[in-house]
Number of protein chains: 2
Amino acid sequence: MYMENKTYFSAIVEIIKTGHWITDMVSQELKEYDISEPQFNVLRILKGQKGKPITVEVIASLMIHRSSNVTRIIDKLLIRGLVSRQECQTNRRKMDINITAEGIEFLKLLDKKVTDFHKPMMSKISEKEAKDLTRIIKKLKE
Amino acid sequence: MYMENKTYFSAIVEIIKTGHWITDMVSQELKEYDISEPQFNVLRILKGQKGKPITVEVIASLMIHRSSNVTRIIDKLLIRGLVSRQECQTNRRKMDINITAEGIEFLKLLDKKVTDFHKPMMSKISEKEAKDLTRIIKKLKE
DNA sequence: GAACTATTCTTGTATATACAATAGTTGTAC
DNA sequence: GTACAACTATTGTATATACAAGAATAGTTC
């Protein structure tokens with residue numbers, strides 16, 4: 001009977017557990033600002049576009065965990081004035097989403113919080129280890 | 001102004017993304033058996049106890065993603081006769097949860113499915129790489 | 001250009017989840 | 001042993017999520 005190789009199995013479990021561990025911690029950090037991890041993720045994606053609006057579909061594809069509810073995530077950010085949403089000029093099926101000036105300001109606060117959490121974690125491994133980690137983990141999905 | 005080191009940031013993002021990617025795939029595999037990933041996880045934990053019942057608390061601590069709803073996960077497994085639940089003799093606050101013979105049989109089907117998904121993924125990296133991956137990723141949480 | 005198909009976002013709905021509150025049991029201090 | 005605190009599982013509830021269905025627009029074929 002085939003048995004899963006323990007070495008490989010441990011690796012898989014560690015990836016999943018650590019991913020949850022990090023996002024759980026980040027969620028805790030964000031809680032004081034009453035913003036969810038997916039909302040934070042969307043804000044970061046929008047900021048990364050440097051002023052160029054992107055569609056709901058593109059946001060979904062760039063999210064850490066592809067979500068089927070980008071519309072509703074945007075709804076919440078809209079209410080708080082952190083993003084803008086308007087019909088795409090060239091294709092009225094699409095929506096142009098962008099981060100507002102308020103969104104950028106707000107994100108600065110969040111980024112500080114999250115970075116402060118990332119820093120001590122990152123200090124545990126060397127830059128070479130980080131590179132190795134990324135390289136190996138990416139191979140899994142090839 | 002402090003900027004996050006890109007090498008480290010990529011590593012973090014890859015861990016989270018890959019974790020989601022794996023669990024999403026596994027969830028898809030399990031769907032045909034109408035069982036959720038957390039339910040599957042609980043069954044595996046129980047099987048790992050080799051007949052010794054464990055409490056709700058212990059299950060939660062062993063889960064890949066610690067859940068606050070173990071009771072309801074157990075409820076569902078109970079309905080299908082895959083686990084048993086009874087008051088702990090020595091401490092009536094606790095519950096003794098165990099996997100049933102049906103549960104073990106059912107789990108064999110699921111394990112085959114999931115292993116068939118794991119195998120090609122694992123073949124993408126060497127055993128040494130898997131070990132390195134586990135070692136580095138564990139350091140992050142130290 | 002009409003009919004059909006594909007794309008894109010939104011919405012409806014059922015389920016899952018987090019979090020807090022509760023209930024029952026056990027442990028502890030006096 | 002009583003009072004109080006701590007522990008353990010369950011339940012209530014509000015929110016988040018997945019998935020499918022819907023609505024509007026665009027593209028394609030004839």
# chains A, B, ... in the order shown; residues from 1 in each chain; ligands from 1
call {"tool": "closest_atom_pairs", "arguments": {"of": "chain C", "to": "chain B", "cutoff": "10 Å", "atoms": "only C-alpha atoms (C1' of nucleotides)", "output": "Markdown table"}}
result
| residue | atom | partner | partner_atom | distance |
| --- | --- | --- | --- | --- |
| C:DA16 | C1' | B:Asn69 | CA | 9.4 |
| C:DT17 | C1' | B:Asn69 | CA | 7.8 |
| C:DA18 | C1' | B:Ser68 | CA | 7.3 |
| C:DC19 | C1' | B:Ser68 | CA | 8.8 |
| C:DG24 | C1' | B:Arg93 | CA | 7.1 |
| C:DT25 | C1' | B:Arg93 | CA | 5.3 |
| C:DT26 | C1' | B:Asn91 | CA | 7.7 |
call {"tool": "write_last_selection", "arguments": {"atoms": "N, CA, C and O atoms (P, O5', C5', C4', C3', O3' and C1' of nucleotides)", "output": "mmCIF file, in the first residue's frame"}}
result
data_model
loop_
_atom_site.group_PDB
_atom_site.id
_atom_site.type_symbol
_atom_site.label_atom_id
_atom_site.label_comp_id
_atom_site.auth_asym_id
_atom_site.auth_seq_id
_atom_site.Cartn_x
_atom_site.Cartn_y
_atom_site.Cartn_z
ATOM 1 P P DA C 16 -21.018 24.021 5.563
ATOM 2 O "O5'" DA C 16 -20.063 25.250 5.919
ATOM 3 C "C5'" DA C 16 -19.365 25.892 4.873
ATOM 4 C "C4'" DA C 16 -18.396 26.913 5.443
ATOM 5 C "C3'" DA C 16 -17.683 26.495 6.714
ATOM 6 O "O3'" DA C 16 -16.352 26.963 6.610
ATOM 7 C "C1'" DA C 16 -18.947 28.461 7.130
ATOM 8 P P DT C 17 -15.247 26.622 7.684
ATOM 9 O "O5'" DT C 17 -15.199 27.944 8.557
ATOM 10 C "C5'" DT C 17 -14.828 29.173 7.920
ATOM 11 C "C4'" DT C 17 -15.039 30.306 8.875
ATOM 12 C "C3'" DT C 17 -14.476 30.044 10.269
ATOM 13 O "O3'" DT C 17 -13.239 30.724 10.366
ATOM 14 C "C1'" DT C 17 -16.617 31.179 10.306
ATOM 15 P P DA C 18 -12.500 30.875 11.775
ATOM 16 O "O5'" DA C 18 -13.173 32.196 12.358
ATOM 17 C "C5'" DA C 18 -13.055 33.420 11.650
ATOM 18 C "C4'" DA C 18 -13.564 34.548 12.541
ATOM 19 C "C3'" DA C 18 -12.905 34.606 13.916
ATOM 20 O "O3'" DA C 18 -12.701 35.977 14.261
ATOM 21 C "C1'" DA C 18 -15.247 34.254 14.161
ATOM 22 P P DC C 19 -11.859 36.370 15.564
ATOM 23 O "O5'" DC C 19 -12.988 36.673 16.648
ATOM 24 C "C5'" DC C 19 -14.020 37.612 16.339
ATOM 25 C "C4'" DC C 19 -15.077 37.539 17.404
ATOM 26 C "C3'" DC C 19 -14.508 37.354 18.813
ATOM 27 O "O3'" DC C 19 -14.822 38.513 19.571
ATOM 28 C "C1'" DC C 19 -16.372 35.920 18.404
ATOM 29 P P DG C 24 -26.998 23.998 32.597
ATOM 30 O "O5'" DG C 24 -25.823 22.975 32.878
ATOM 31 C "C5'" DG C 24 -25.312 22.187 31.803
ATOM 32 C "C4'" DG C 24 -23.914 21.753 32.162
ATOM 33 C "C3'" DG C 24 -23.791 21.173 33.577
ATOM 34 O "O3'" DG C 24 -23.270 19.871 33.473
ATOM 35 C "C1'" DG C 24 -22.088 22.766 33.143
ATOM 36 P P DT C 25 -23.017 18.986 34.791
ATOM 37 O "O5'" DT C 25 -21.465 19.183 35.054
ATOM 38 C "C5'" DT C 25 -20.552 18.736 34.063
ATOM 39 C "C4'" DT C 25 -19.165 19.121 34.489
ATOM 40 C "C3'" DT C 25 -18.742 18.557 35.841
ATOM 41 O "O3'" DT C 25 -17.694 17.625 35.603
ATOM 42 C "C1'" DT C 25 -18.115 20.844 35.569
ATOM 43 P P DT C 26 -17.031 16.869 36.853
ATOM 44 O "O5'" DT C 26 -15.814 17.832 37.223
ATOM 45 C "C5'" DT C 26 -14.800 18.075 36.246
ATOM 46 C "C4'" DT C 26 -13.832 19.111 36.768
ATOM 47 C "C3'" DT C 26 -13.127 18.722 38.070
ATOM 48 O "O3'" DT C 26 -11.740 18.708 37.817
ATOM 49 C "C1'" DT C 26 -13.928 20.956 38.139
#
call {"tool": "interface_residues", "arguments": {"of": "chain D", "to": "chain B", "cutoff": "12 Å", "atoms": "only C-alpha atoms (C1' of nucleotides)", "output": "list of chain:residue names"}}
result
D:DC7, D:DT8, D:DA9, D:DT10, D:DT11, D:DA18
call {"tool": "write_last_selection", "arguments": {"atoms": "C-alpha atoms (C1' of nucleotides)", "output": "JSON list (two decimals), in the first residue's frame"}}
result
[["chain", "number", "residue", "atom", "x", "y", "z"],
["D", 7, "DC", "C1'", -11.88, 25.18, 32.35],
["D", 8, "DT", "C1'", -14.46, 22.89, 28.50],
["D", 9, "DA", "C1'", -17.85, 22.41, 25.20],
["D", 10, "DT", "C1'", -21.84, 24.30, 23.14],
["D", 11, "DT", "C1'", -24.78, 27.78, 21.24],
["D", 18, "DA", "C1'", -18.53, 29.95, -2.14]]
call {"tool": "closest_atom_pairs", "arguments": {"of": "chain B", "to": "chain A", "cutoff": "6 Å", "atoms": "only C-alpha atoms", "output": "Markdown table"}}
result
| residue | atom | partner | partner_atom | distance |
| --- | --- | --- | --- | --- |
| B:Tyr8 | CA | A:Ala130 | CA | 5.7 |
| B:Ala11 | CA | A:Thr134 | CA | 5.0 |
| B:Ile15 | CA | A:Gly19 | CA | 5.5 |
| B:Ile16 | CA | A:Gly19 | CA | 4.1 |
| B:Lys17 | CA | A:Ile64 | CA | 5.5 |
| B:Gly19 | CA | A:Ile16 | CA | 4.1 |
| B:Ile64 | CA | A:Lys17 | CA | 5.5 |
| B:Met121 | CA | A:Leu140 | CA | 5.5 |
| B:Lys124 | CA | A:Leu140 | CA | 5.6 |
| B:Ala130 | CA | A:Tyr8 | CA | 5.7 |
| B:Leu133 | CA | A:Leu133 | CA | 5.8 |
| B:Thr134 | CA | A:Ala11 | CA | 5.0 |
| B:Leu140 | CA | A:Met121 | CA | 5.5 |
call {"tool": "write_last_selection", "arguments": {"atoms": "N, CA and C atoms", "output": "PDB file, in the first residue's frame"}}
result
ATOM      1  N   TYR B   8      12.199  39.108   1.116  1.00  0.00           N
ATOM      2  CA  TYR B   8      11.443  38.555   2.223  1.00  0.00           C
ATOM      3  C   TYR B   8       9.949  38.615   1.953  1.00  0.00           C
ATOM      4  N   ALA B  11       8.735  35.906  -0.234  1.00  0.00           N
ATOM      5  CA  ALA B  11       8.675  34.631   0.477  1.00  0.00           C
ATOM      6  C   ALA B  11       7.365  34.522   1.258  1.00  0.00           C
ATOM      7  N   ILE B  15       4.313  31.816   0.528  1.00  0.00           N
ATOM      8  CA  ILE B  15       3.848  30.853   1.528  1.00  0.00           C
ATOM      9  C   ILE B  15       2.327  30.889   1.606  1.00  0.00           C
ATOM     10  N   ILE B  16       1.788  32.089   1.739  1.00  0.00           N
ATOM     11  CA  ILE B  16       0.341  32.215   1.911  1.00  0.00           C
ATOM     12  C   ILE B  16      -0.397  31.744   0.652  1.00  0.00           C
ATOM     13  N   LYS B  17       0.082  32.212  -0.487  1.00  0.00           N
ATOM     14  CA  LYS B  17      -0.584  31.831  -1.743  1.00  0.00           C
ATOM     15  C   LYS B  17      -0.560  30.324  -1.971  1.00  0.00           C
ATOM     16  N   GLY B  19      -0.187  27.955   0.241  1.00  0.00           N
ATOM     17  CA  GLY B  19      -1.054  27.292   1.205  1.00  0.00           C
ATOM     18  C   GLY B  19      -2.499  27.284   0.735  1.00  0.00           C
ATOM     19  N   ILE B  64      -4.976  21.912  11.156  1.00  0.00           N
ATOM     20  CA  ILE B  64      -4.109  22.721  10.299  1.00  0.00           C
ATOM     21  C   ILE B  64      -4.426  24.193  10.514  1.00  0.00           C
ATOM     22  N   MET B 121       2.649  16.826  -7.268  1.00  0.00           N
ATOM     23  CA  MET B 121       3.180  18.074  -6.725  1.00  0.00           C
ATOM     24  C   MET B 121       4.521  17.811  -6.037  1.00  0.00           C
ATOM     25  N   LYS B 124       7.843  17.440  -7.919  1.00  0.00           N
ATOM     26  CA  LYS B 124       8.487  18.632  -8.483  1.00  0.00           C
ATOM     27  C   LYS B 124       9.723  19.064  -7.692  1.00  0.00           C
ATOM     28  N   ALA B 130      12.547  19.500   0.057  1.00  0.00           N
ATOM     29  CA  ALA B 130      11.412  19.435   0.981  1.00  0.00           C
ATOM     30  C   ALA B 130      11.888  19.653   2.410  1.00  0.00           C
ATOM     31  N   LEU B 133      12.874  23.313   2.857  1.00  0.00           N
ATOM     32  CA  LEU B 133      11.644  24.098   2.927  1.00  0.00           C
ATOM     33  C   LEU B 133      11.060  24.055   4.336  1.00  0.00           C
ATOM     34  N   THR B 134      10.918  22.857   4.863  1.00  0.00           N
ATOM     35  CA  THR B 134      10.335  22.684   6.194  1.00  0.00           C
ATOM     36  C   THR B 134      11.186  23.373   7.252  1.00  0.00           C
ATOM     37  N   LEU B 140      10.704  30.652  10.839  1.00  0.00           N
ATOM     38  CA  LEU B 140       9.917  31.887  10.863  1.00  0.00           C
ATOM     39  C   LEU B 140       9.065  32.004  12.119  1.00  0.00           C
TER      40      LEU B 140
END
call {"tool": "residues_around", "arguments": {"residues": "C:DT28", "least_positions_apart": "6", "cutoff": "12 Å", "atoms": "only C-alpha atoms (C1' of nucleotides)", "output": "ChimeraX atom specification"}}
result
/D:2-6
call {"tool": "write_last_selection", "arguments": {"atoms": "C-alpha atoms (C1' of nucleotides)", "output": "PDB file, in the first residue's frame"}}
result
ATOM      1  C1'  DT D   2     -19.058  27.132  50.294  1.00  0.00           C
ATOM      2  C1'  DA D   3     -17.784  30.607  47.393  1.00  0.00           C
ATOM      3  C1'  DC D   4     -15.256  31.759  43.689  1.00  0.00           C
ATOM      4  C1'  DA D   5     -12.395  31.188  39.767  1.00  0.00           C
ATOM      5  C1'  DA D   6     -10.947  28.393  35.860  1.00  0.00           C
TER       6       DA D   6
END
call {"tool": "residues_around", "arguments": {"residues": "A:Ile104", "least_positions_apart": "6", "cutoff": "9 Å", "atoms": "only C-alpha atoms (C1' of nucleotides)", "output": "PyMOL selection string"}}
result
chain A and resi 43-44+47+82
call {"tool": "residues_around", "arguments": {"residues": "C:DC4", "least_positions_apart": "3", "cutoff": "12 Å", "atoms": "only C-alpha atoms (C1' of nucleotides)", "output": "list in words"}}
result
DG27, DT28, DT29 and DC30 of chain D
call {"tool": "select_by_dssp", "arguments": {"residues": "chain A", "states": "alpha helix (DSSP H)", "output": "ChimeraX atom specification"}}
result
/A:6-31,37-48,56-62,70-79,101-122,127-140
